[in-house]
Every structure is written in structure tokens, then in C-alpha cells.
Amino acid sequence: MSDDRLSDGTVLLLKGGRVVDETGDRIADVLVRDGLIAEVGPGLDAPAGATVLDASDAVVAPGLVDIQVHFREPGREDSETIETGARGAALGGFTAVVCMPNTNPPLDEASVVQAVLERGRNAPCDVRVAGCITLGRKGHELAPLGELYDLGVRIFTDDGDCVADAGVMRHALEYSTALPGAVIAQHAEDPALVAGGHMHEGEWSSRLGIPGRPAEAETTIVARDLALAARAGARYHVLHLSTAGAADLVREAKARGVRVTAEASPQHFTLTDESCATFDPVFKMNPPLRTARDVEGVIAGLVDGTISAIATDHAPHAAETKAVPFEEAPPGMLGTETALAVAITRLVETGRLPLASVLALLSWQPARIAGLTEHGGPIAAGRPAHLCVIDPGATWVVDATRLASRSRNSPFDGWKLTGRVRHTICRGEPVVIDGVATR
Amino acid sequence: MKHLLSVDDLGGRSGIESLLDRSESFLEVTQRDIPKVPALRGKTVVTLFYEDSTRTRLSFETAARRLSADTMNFSVSTSSVRKGESLLDTVHTIESMGIDAIIVRHGSAGAPHRIAQSTDASVINAGDGRHEHPTQALLDAFTLRRHRGPSLDGCRVAIVGDIRNSRVARSGARVWAELGCEVTLVGPPTLLPESMDGWPAVATSDLDAVLPETDLVYLLRIQNERISDARFPSVREYRSRWGLTEARADRLKPDTLVMHPGPMNRGIEIADEVADSPRSLVAEQVANGVAVRMAVLYAILGSGGPVV
């Protein structure tokens, strides 16, 4: 990105923290000047006029990167805007987000992509977008992938809808190989198998009489797409992988050398379909909450590297649209402000992963998938200053009414979580200080 | 009992049995010259039906009136709902009129639960999506008990048809099982539950293997859209494999009974001759429905004392 958005003249000193990035872990202060990291080392003195941010007992990490958010602009500004969405993301420690293209109009042409990028230009986190694979997300004709690529788009997806037609998917994968760094990302749920379904198909859908969305809707599409990606030599990314079966497929394909990556959402390694027994639509999402066995399969995938990113699928919905019976409610939940804490609570506190691995899943690995070279890199002199400072052991209680989002649909409302964002620095600017957004 | 949203609210076998006992005394009331008691005088109940069902609505309204409650009918098809009013706004509007109980039917599972969370009135589930229809299950159990009771322990009940999409089956299987019956679900594999976990029953597609041992054949309505949905090939094929034809009825034990929640598709799931045979309890189910719903309303809104 252009340098003109860097925070010129601002000097920050992050004092007393433990710096954790993909190169390792050390006690060091971090000096930030003019939007760049100026110096990293122990016992740095604050230059005159510098703002000193306390990082003692905290972890200083590269800013987090969420490669799947819905900020609803354009089209549903009543549920979220780029401004409110980016504020919430910054509060969650994210310095970059990738907005999904299922807006209205969808992000299937250059002018709409440009407009969204322009709206996000001065947001408190770096707002990037994914482009549609097909025009209107209808699954038939290819969107202008090259034109969108020239605007910086690297992830292409019809998210929310699956590209069901194998021929179209094959051509999208093949075509993408002409665009270095581009990746075709799939919302892997076969529409024919999930038609009319509202939750995971299994014991609980059977008990509740709510039509189901079977796990096989995901595994069949992932299996098919992996075969097509292997043939095309294309990069393929599984959005919000939710089943143990799909994790197995990705693991096996990676071993064969298929260029596949996968992400998981905090809800899919934390909650199960049993939550739907409350009939509360806050637990309704696509892909749906699955079984405990799937939760374990997703965690196993995160632990062994099969799944290399955590992405939130932050999907705000205005209160009145969720204040309806389960089957009538739209799918989706808030995620950016709770993702880090849910990941620490579920993965670090339980001993499944060290904190550094969770940071890899939330920062440098997703940055690499999305081609966000400015983000997630080592904390070293000369790098863009996108940072977050985390209290990994701090506990807090989620209060959905106090989230920055315009919406309130968090299934974690009332949960006590471990891990809190203290400061977020984006482009050298402290956009969150002591857990409070500065703008 | 504050609400009746699901079979869960009935308090297990003893709760169900005491409701059925109470239904006996209300059945006696409905057979009097003046079939009315003052038990719920001053109480107001409203029927809020998002799906048309004249028979269920009439049954509840009749039950309420025979208890001397005032009844109101919120007609969804001609009301503010048509103008886009939300479910919960509608409920709050009704509640503001001073209602004691809302009897709700809705096309979505859990809608009565959502209503119950946002109102002080009692909520009675008169059918929610594919989820539950607890008063149907109670009236069916009551009807069988009058023929085979008081204990139904060991009774073999076969529920036949579109189990997967049936709220009647979901509530029924649980009430039958609570009362000690052995429940078998029968239908094409495409219409059996997607998971048997949580169902106190076994499932099979072989109706002819089940029928000779069965004490009650409970038939469900088959809907034509299941054909366009590719659940089974044709009405003819359904009838030949899962319909209670005259030939199949002839192979039943002499005392095997037949029920159907109505409305029946004569000639599809049940042959005309079977529907009108002495085995058929269909008309009795309807009559008993009023008594059982009186017992439910009384359990929720009544003083708990004896009925005069």
C-alpha cells in the first residue's frame, strides 16, 4: 500500500513487552516512527515527544489479520459499516481485514472494489477486499478477475454461496494461475445438499425438527475442488472449514503437494450444534455449528498445521433480523472483537497450542494466504508498524452491548474469556490504547 | 406448568399420566347436557396461528370455552402480520390486551419458545414447524389408553410415513415411549429421521415385517411435494410399500387399532375401507382432543383444585 497513509511524525515507544513474531520471542522495546518500525531492542529510551505505551507483562505481536469479514458496505449499513467494522477489528487486535464480496452490489467489478477500498482508506485497520469469482456471485460467468487483481485483490470467492458448477470452478482455478499470488477460496457447501437447511444435520437437527445441512455438503465440495485444483496447479483455499472430514481431505491433499490452504473460525472450534437447541438464532451460521467430533477435528487440523489460519467470518446482522424464529433468521455472527480471546481460551489455556502458534494462525499465516506483505511480518526495523499488544492472561467477560459493531449477534455474550488486546498500532498510529479505540 | 412448548414440559411419565387422568374427567364434562364448567372464568386465551389449521384451532377454542375462558382469535392472514409486523411485536401487542395464554402454531421450529422468552403470558405449542405438537401426542395417548389402558406398558406402536418432517411423530414417539410403549418408525429411508439419536424408537422401512406384531398403526399424512423433492418415486409406489391397504389391514391382529392425526389422504397412506373400519379411532381422536386440551389449559391456567 502507498506510504501516504503512514502516520507521519508520530513517534511511539512500546515499552517493556515480550516481542513475539515468526522469528521467535525476545524481551524488547519497539520504537515506531513515521509509520515504520524504527528500532527493536531492550532498554530503548523514548525520544523527545514520543508517546510511550506500556507493554510490560504483555506480548507485542504483528498486527492480527482477519481474512474473512463482512462489513456490509455497500448494502446493509444498518448492520455494519466499514467504519464500525474496522473499529471493532482494531479493538480485536487486527490491523488488516479482508472484506468478503457478498455485498449489495457485490464486489464483482472494479468500480465497486475501488469504492470500498476508498471508504476504508483511513479506517483504523487496513481494509482489503476479496473479489467475486463469478458475476453477481451467480456461479455462471467469471468476474473480471484480472481487473480486480490489478486493484490489489488476491482472494477470489463467491462466499456465502458455493461455486457449485464444477466446470466453472475448474475454469476459475485454471484462470487464476495467470495471476501470481491469487487464490480461489470456496464456501464449501453444496447448495443441493443444504437447500432449505438451517443447522448441521445430525442428532440435534433430528431432535429439533430443523432441516439440516449435512457435513457431506462440505466434504464433497472440498474433495471435488481439491481434485480440480491439483489438476490446474492452482491455489485453493477452504473458507471456514467446519468438518473433521474436510480437515482430513486437506491434510491428505497437502501431503500430495496440492496448493491448498484452509482457515477455521473460532465458533467452529468452540461451539457445537447442541447450542441450536435453544432456538436462539445467534447460533445460526453457515457453515453451521457441527458436532463435538468435528470441533475436535478442526482443532486437530489447527494443531498439526492442516489449517493454517483463523478467520472470524464476522457477520453482523441487525437485531430485528435475528429477533425471529431460528429458521427465518439470517446466518452469521460477530467475530472480530472476540476471536483472539476465544482462540487463547480454547487453544492456549487448554494446552493444545502455544501462544506463538495462535498468533501465527491469526497473523502471519493468514497474511501470507491473502498476499498482505505489509502485515504479519517480523517485527524489525524498516517494517511497516502494524502491531498489537496483548495481555495473554487477562480475563474479561464479553458484553455484546458494548461491542463496537452496529450489531449484537455474538454467541459469546456473557462468556468469560482469557486474553485481551491492550493496544493496536496500525500504520504507526495507536488506534487502540488500553483497550479503548482512539477513533 | 407455565408453558407447554414441548413434551419436555410435561414432567415425564407421571406428569403425562396425571394429565391423562384429568382428561378423563373433562371428557365426562364434554358429555354433559351443558358441557361447560366455570374453571377458567375470567381467563382469556388467544389463538395465534401462522399456519392454517381449522381443526386444531377449533379444538383449542372449544376446549377454552367449555372451561368458561374467553377466547380470541388473532387472524394472521388478515392482520398486521400481513403488513410486515414481526412475530415478537405481534406477541407484545396481544399481551398488552391482557392475555393469559397464547396458543401458537407456526411454521418454524422453536417459534413458541421464542415467544415464551418474551412474554409473561403462558404459551401453548399447537405445532411448530417440524418440531413438536405436544397436545396431539397427548390426545393420541389418551385415545389409546381408553382402549388399552390404563397401562400402555409393552404396547407396540408403529408410526408410519413421513417421520423426518413430522412434528406429530417427534412429540408422539416421546409420549408413547414415556408411557412404556415400544415405538417403531416406518417409512421410506428418505423420510426416516436423519439420526436416531434422541429418538426413543427404532426405525425400519419394512412395514410388512412390523404389522403382524403391532397393537397400534399410526399413519402420517404423505405430502405430494415429497415427490418433487425426490423422496419417493410416486404415490402408487408409496401406497404399495407403505400404505395401509385393505390387504395389509387383513393381516393385522384382530384387535390392532389404527389412528391418523388428520387430515387423511384416503387412498394413499390409508385405504378408504380401513379409515372407516371399526379399527379406526380417527373420529374418537378428534372428540378426545377437546377433553385433553381442556386438561392442558386447566393445568396451565387453573387453580389446581378439583373441577366442578
# chains A, B, ... in the order shown; residues from 1 in each chain; ligands from 1

call {"tool": "interface_residues", "arguments": {"of": "chain A", "to": "chain B", "cutoff": "9 Å", "atoms": "only C-alpha atoms", "output": "MDAnalysis selection string"}}
result
chainID A and resid 201:212 277:280 320 323:328

call {"tool": "residues_around", "arguments": {"residues": "stretch 250-266 of chain A", "least_positions_apart": "5", "cutoff": "8 Å", "atoms": "only C-alpha atoms", "output": "VMD selection string"}}
result
chain A and resid 222 226 229 to 230 233 to 242 298 301 to 302 306 to 313 335 339 342 to 343 369

call {"tool": "atom_distance", "arguments": {"atom1": "atom CA of A:Arg293", "atom2": "atom CA of A:His317"}}
result
28.6 Å

call {"tool": "residues_around", "arguments": {"residues": "A:His375", "least_positions_apart": "3", "cutoff": "8 Å", "atoms": "only C-alpha atoms", "output": "list in words"}}
result
Pro62, Gly63, Val65, Thr95, Ala96, Ser363, Trp364, Ala367, Leu372, Pro384 and His386 of chain A

call {"tool": "select_by_dssp", "arguments": {"residues": "stretch 140-265 of chain B", "states": "helix (DSSP H, G or I)", "output": "number ranges by chain"}}
result
B: 140-148, 167-178, 189-191, 207-213, 225-228, 235-242, 246-250

call {"tool": "residues_around", "arguments": {"residues": "B:Glu213", "least_positions_apart": "3", "cutoff": "10 Å", "atoms": "only C-alpha atoms", "output": "ChimeraX atom specification"}}
result
/B:155-158,208-210,216,252-253,256

call {"tool": "select_by_dssp", "arguments": {"residues": "stretch 258-393 of chain A", "states": "strand (DSSP E or B)", "output": "PyMOL selection string"}}
result
chain A and resi 260-264+309-310+314+333+384+387-393

call {"tool": "write_last_selection", "arguments": {"atoms": "C-alpha atoms", "output": "PDB file, in the first residue's frame"}}
result
ATOM      1  CA  VAL A 260      -4.293 -25.807  -0.644  1.00  0.00           C
ATOM      2  CA  THR A 261      -4.781 -23.728   2.468  1.00  0.00           C
ATOM      3  CA  ALA A 262      -7.634 -23.705   4.934  1.00  0.00           C
ATOM      4  CA  GLU A 263      -8.950 -21.443   7.639  1.00  0.00           C
ATOM      5  CA  ALA A 264     -11.174 -22.162  10.622  1.00  0.00           C
ATOM      6  CA  ALA A 309      -5.378 -19.560   9.596  1.00  0.00           C
ATOM      7  CA  ILE A 310      -8.087 -18.484  11.983  1.00  0.00           C
ATOM      8  CA  HIS A 314     -17.527 -11.648  11.212  1.00  0.00           C
ATOM      9  CA  MET A 333     -22.269 -13.979  13.987  1.00  0.00           C
ATOM     10  CA  PRO A 384       5.508  -1.118   8.464  1.00  0.00           C
ATOM     11  CA  LEU A 387       1.346  -4.211  15.753  1.00  0.00           C
ATOM     12  CA  CYS A 388      -0.808  -5.419  18.584  1.00  0.00           C
ATOM     13  CA  VAL A 389      -0.051  -5.645  22.266  1.00  0.00           C
ATOM     14  CA  ILE A 390      -1.801  -8.460  24.078  1.00  0.00           C
ATOM     15  CA  ASP A 391      -2.362  -9.402  27.689  1.00  0.00           C
ATOM     16  CA  PRO A 392      -2.470 -13.140  27.181  1.00  0.00           C
ATOM     17  CA  GLY A 393      -3.575 -13.950  30.700  1.00  0.00           C
TER      18      GLY A 393
END

call {"tool": "atom_distance", "arguments": {"atom1": "atom CA of A:Val163", "atom2": "atom CA of A:Arg213"}}
result
16.6 Å

call {"tool": "residues_around", "arguments": {"residues": "A:Glu73", "least_positions_apart": "6", "cutoff": "10 Å", "atoms": "only C-alpha atoms", "output": "list of chain:residue names"}}
result
A:Ser79, A:Glu80, A:Thr81, A:Ile82, A:Glu83, A:Gly85, A:Cys99, A:Pro101, A:Asn102, A:Thr103, A:Asn104, A:Pro105, A:Pro106, A:Ala115, A:Val116, A:Arg119

call {"tool": "write_last_selection", "arguments": {"atoms": "N, CA and C atoms", "output": "short mmCIF file (atom, residue, chain, number, x, y, z; two decimals), in the first residue's frame"}}
result
data_model
loop_
_atom_site.label_atom_id
_atom_site.label_comp_id
_atom_site.auth_asym_id
_atom_site.auth_seq_id
_atom_site.Cartn_x
_atom_site.Cartn_y
_atom_site.Cartn_z
N SER A 79 -26.48 -2.78 9.57
CA SER A 79 -25.92 -3.82 10.43
C SER A 79 -24.42 -3.62 10.68
N GLU A 80 -23.72 -3.00 9.74
CA GLU A 80 -22.31 -2.70 9.95
C GLU A 80 -21.86 -1.74 8.85
N THR A 81 -20.85 -0.95 9.16
CA THR A 81 -20.21 -0.13 8.14
C THR A 81 -18.72 -0.42 8.18
N ILE A 82 -18.03 0.05 7.19
CA ILE A 82 -16.59 -0.14 7.19
C ILE A 82 -15.99 0.56 8.41
N GLU A 83 -16.55 1.71 8.75
CA GLU A 83 -16.03 2.44 9.91
C GLU A 83 -16.22 1.65 11.21
N GLY A 85 -17.00 -1.52 11.53
CA GLY A 85 -16.36 -2.82 11.42
C GLY A 85 -14.86 -2.73 11.66
N CYS A 99 -12.48 -8.00 3.36
CA CYS A 99 -13.95 -7.99 3.32
C CYS A 99 -14.44 -8.93 2.23
N PRO A 101 -16.98 -10.44 -0.60
CA PRO A 101 -17.63 -9.67 -1.67
C PRO A 101 -19.14 -9.83 -1.74
N ASN A 102 -19.77 -10.43 -0.72
CA ASN A 102 -21.22 -10.62 -0.82
C ASN A 102 -21.97 -9.40 -0.30
N THR A 103 -21.61 -8.26 -0.88
CA THR A 103 -22.29 -7.01 -0.57
C THR A 103 -23.38 -6.79 -1.61
N ASN A 104 -24.06 -5.68 -1.50
CA ASN A 104 -25.09 -5.36 -2.49
C ASN A 104 -24.87 -3.92 -2.98
N PRO A 105 -24.32 -3.68 -4.14
CA PRO A 105 -23.94 -4.69 -5.14
C PRO A 105 -22.72 -5.48 -4.71
N PRO A 106 -22.55 -6.66 -5.29
CA PRO A 106 -21.39 -7.48 -4.93
C PRO A 106 -20.09 -6.93 -5.52
N ALA A 115 -14.51 1.64 -4.82
CA ALA A 115 -15.31 2.43 -3.88
C ALA A 115 -15.13 1.91 -2.45
N VAL A 116 -15.13 0.60 -2.29
CA VAL A 116 -14.98 0.05 -0.95
C VAL A 116 -13.58 0.32 -0.42
N ARG A 119 -13.48 3.82 0.74
CA ARG A 119 -14.18 4.01 2.01
C ARG A 119 -13.32 3.54 3.19
#

call {"tool": "residues_around", "arguments": {"residues": "stretch 1-7 of chain B", "least_positions_apart": "2", "cutoff": "8 Å", "atoms": "only C-alpha atoms", "output": "ChimeraX atom specification"}}
result
/B:9-10,112-113,116,122-125,132-134,171,174-175,299-300

call {"tool": "atom_distance", "arguments": {"atom1": "atom CA of A:Val113", "atom2": "atom CA of A:Ala130"}}
result
8.7 Å

call {"tool": "residues_around", "arguments": {"residues": "B:Ser25", "least_positions_apart": "2", "cutoff": "12 Å", "atoms": "only C-alpha atoms", "output": "ChimeraX atom specification"}}
result
/B:18-23,27-32,35,37,288,290-292,294-295,298,306-308

call {"tool": "decode", "arguments": {"residues": "stretch 314-336 of chain A", "atoms": "C-alpha atoms", "output": "mmCIF file, in the first residue's frame"}}
result
data_model
loop_
_atom_site.group_PDB
_atom_site.id
_atom_site.type_symbol
_atom_site.label_atom_id
_atom_site.label_comp_id
_atom_site.auth_asym_id
_atom_site.auth_seq_id
_atom_site.Cartn_x
_atom_site.Cartn_y
_atom_site.Cartn_z
ATOM 1 C CA HIS A 314 -17.527 -11.648 11.212
ATOM 2 C CA ALA A 315 -21.132 -11.404 10.018
ATOM 3 C CA PRO A 316 -23.186 -8.681 11.681
ATOM 4 C CA HIS A 317 -26.961 -8.772 11.488
ATOM 5 C CA ALA A 318 -29.253 -6.026 12.722
ATOM 6 C CA ALA A 319 -31.088 -7.014 15.884
ATOM 7 C CA GLU A 320 -34.530 -7.189 14.304
ATOM 8 C CA THR A 321 -33.350 -9.623 11.641
ATOM 9 C CA LYS A 322 -32.255 -12.052 14.354
ATOM 10 C CA ALA A 323 -35.329 -11.489 16.583
ATOM 11 C CA VAL A 324 -37.256 -14.100 14.626
ATOM 12 C CA PRO A 325 -37.642 -17.877 14.735
ATOM 13 C CA PHE A 326 -34.444 -19.806 14.058
ATOM 14 C CA GLU A 327 -35.441 -20.960 10.593
ATOM 15 C CA GLU A 328 -36.268 -17.417 9.482
ATOM 16 C CA ALA A 329 -33.085 -15.749 10.726
ATOM 17 C CA PRO A 330 -30.096 -14.953 8.525
ATOM 18 C CA PRO A 331 -26.902 -16.924 9.250
ATOM 19 C CA GLY A 332 -23.823 -15.366 10.819
ATOM 20 C CA MET A 333 -22.269 -13.979 13.987
ATOM 21 C CA LEU A 334 -19.892 -11.287 15.169
ATOM 22 C CA GLY A 335 -16.280 -12.307 15.499
ATOM 23 C CA THR A 336 -13.538 -9.715 15.318
#
